[in-house]
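*Asks:* Please find one structure pasted underneath; my questions will follow.
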Amino acid sequence: MINENTTHTFTAKNNESITLRPVVFQDAVQIIEAVKEIVEAGQFLQKERPRTLAEEKAFIEECQEKGNMYTAIEKQGEVIGIARILRGELAMKRHTGMFRTWINSKGQGLGIGKEVMDYSIAWAKRNELYKISLTVFSENTVAIKLYEKAGFVVEGVQKGQVKINDSLQDEWWMAYFL
C-alpha cells in the first residue's frame with residue numbers, strides 16, 4: 001500500500017530493493033543514460049533521441065513548477081526508469097493527466113511495473129485527478145496487459161498510426177478513471 005509519502009520502497013521479484021521517488025536535478029545524467037537503450041531499440045518509446053542535459057534539467061524544473069509527477073525508478077542507487085503524469089495544461093483539462101513510463105533492461109521482468117502503476121494512481125488520487133490517459137502501441141502486449149490489469153480501458157484506436165521496423169501498428173488510447 002502506498003501512503004501519502006512520495007517515496008516508496010519495495011522488494012522486486014529478484015529480492016532487490018527498488019525505490020520510487022520524485023526526480024531531482026541530480027538524476028538528469030542517469031535518466032539520459034538509462035533511456036538510450038530504449039530509444040536505440042526504437043520499438044515502444046515515442047522518442048527519437050534522449051534529451052540533452054540542458055533539456056532534461058529544464059523538463060525536471062517544468063514538472064516541479066507545474067505540479068506534475070516525475071518519478072525516478074531507482075535500483076541500487078541507479079535510475080533505471082521513470083514514470084510521469086503531466087497534468088492538462090488548460091484549466092478545462094487540469095483534472096486529467098497523461099501518463100508515460102519506461103524501464104530499461106536492468107529492471108524489466110521484476111514486477112516493477114505494477115508498483116509504478118499503483119504509485120502513479122495513488123499520486124493521481126492525491127492530486128484529485130479524474131482520469132489518467134496513455135497511449136500504447138498495439139504490439140506492446142506486455143505493457144497492454146499491465147495497463148489492463150491496473151484498470152485502464154481502451155478509449156480509442158488510431159489505425160496504422162506508427163511505423164516500426166517497416167510495419168504499421170495501431171496506437172491505442174487507454175484511460176484509468178479515478
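Here's how to read the names in the C-alpha cells: chain A, B, ... by the order shown, residue numbers from 1 in each chain, ligand numbers from 1 in the order shown.
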Name the residues of range 6-169 of chain A that come out as strand (DSSP E) in a backbone DSSP run; write them as a PyMOL selection string.

*Replies:* chain A and resi 8-11+17-22+69-75+78-87+96-103+131-137+153-164+167-169

*Asks:* Taking 2 positions as the minimum chain separation for residues in the same chain, which residues sit within 10 Å of Glu37 in chain A when counting only C-alpha atoms? Answer as a ChimeraX atom specification.

*Replies:* /A:32-35,39-42,50,103-105

*Asks:* Within 10 Å of range 5-22 of chain A, counting only C-alpha atoms, which residues show up once you throw out same-chain ones fewer than 4 positions away? Write them as a PyMOL selection string, please.

*Replies:* chain A and resi 1+27+60+64+69-84+107+109-112+115-116+119-120+122-123

*Asks:* Can those selected residues be exported to a file as a tab-separated table (two decimals), in the first residue's frame so that it contains C-alpha atoms?

*Replies:*
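Okay, result.tsv is ready:
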chain	number	residue	atom	x	y	z
A	1	MET	CA	0.00	0.00	0.00
A	27	ASP	CA	19.10	12.42	-11.76
A	60	ILE	CA	12.56	18.44	-14.45
A	64	GLN	CA	8.21	20.74	-10.49
A	69	MET	CA	4.55	13.82	-11.24
A	70	TYR	CA	8.03	12.89	-12.46
A	71	THR	CA	9.22	9.77	-10.67
A	72	ALA	CA	12.61	8.06	-10.71
A	73	ILE	CA	12.69	4.27	-10.59
A	74	GLU	CA	15.88	3.53	-8.69
A	75	LYS	CA	17.73	0.23	-8.25
A	76	GLN	CA	20.94	0.09	-6.20
A	77	GLY	CA	21.30	3.88	-6.41
A	78	GLU	CA	20.89	3.95	-10.20
A	79	VAL	CA	17.92	5.37	-12.12
A	80	ILE	CA	16.68	2.57	-14.39
A	81	GLY	CA	13.41	4.14	-15.47
A	82	ILE	CA	10.86	6.86	-14.95
A	83	ALA	CA	7.13	7.40	-14.65
A	84	ARG	CA	5.35	10.68	-15.12
A	107	GLY	CA	14.50	-3.51	-14.29
A	109	GLY	CA	10.57	-8.59	-15.55
A	110	LEU	CA	10.98	-7.80	-11.86
A	111	GLY	CA	7.41	-6.78	-11.03
A	112	ILE	CA	8.31	-3.10	-11.01
A	115	GLU	CA	4.31	-0.94	-8.29
A	116	VAL	CA	4.80	2.00	-10.68
A	119	TYR	CA	2.29	4.62	-7.13
A	120	SER	CA	1.09	6.70	-10.10
A	122	ALA	CA	-2.12	6.97	-5.78
A	123	TRP	CA	-0.44	10.22	-6.87

*Asks:* Closest to Glu128 in chain A among A:Val24, A:Leu178, A:Ala54, A:Ile31, using only C-alpha atoms?

*Replies:*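 Result for the nearest residue to Glu128 in chain A: A:Leu178.
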
*Asks:* Taking only C-alpha atoms into account, which of A:Glu171, A:Glu89, A:Glu55, A:Glu65 comes nearest Asn140 in chain A?

*Replies:*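 Checking each candidate against Asn140 in chain A, we get A:Glu171 as the closest.
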
*Asks:* Quote the spacing between CA of Tyr130 in chain A and CA of Val23 in chain A in Å to one decimal place.

*Replies:*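 Interatomic distance here is 23.8 Å.
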
*Asks:* As a VMD selection string, please: the residues near Trp173 in chain A (cut-off 6 Å, only C-alpha atoms, same-chain neighbours under 4 positions excluded).

*Replies:* chain A and resid 134 to 135 154 to 156

*Asks:* Could you please take those selected residues and save C-alpha atoms as a short mmCIF file (atom, residue, chain, number, x, y, z; two decimals), in the first residue's frame?

*Replies:*
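Saved file out.cif follows:
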data_model
loop_
_atom_site.label_atom_id
_atom_site.label_comp_id
_atom_site.auth_asym_id
_atom_site.auth_seq_id
_atom_site.Cartn_x
_atom_site.Cartn_y
_atom_site.Cartn_z
CA LEU A 134 -1.85 6.98 -22.01
CA THR A 135 -1.04 5.73 -25.46
CA VAL A 154 -9.27 1.31 -24.32
CA GLU A 155 -10.88 4.60 -25.31
CA GLY A 156 -9.84 4.61 -28.95
#

*Asks:* Between CA of Lys114 in chain A and CA of Lys93 in chain A, measure the distance and give it in Å to one decimal.

*Replies:*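 Taking CA of Lys114 in chain A and CA of Lys93 in chain A, their separation equals 26.4 Å.
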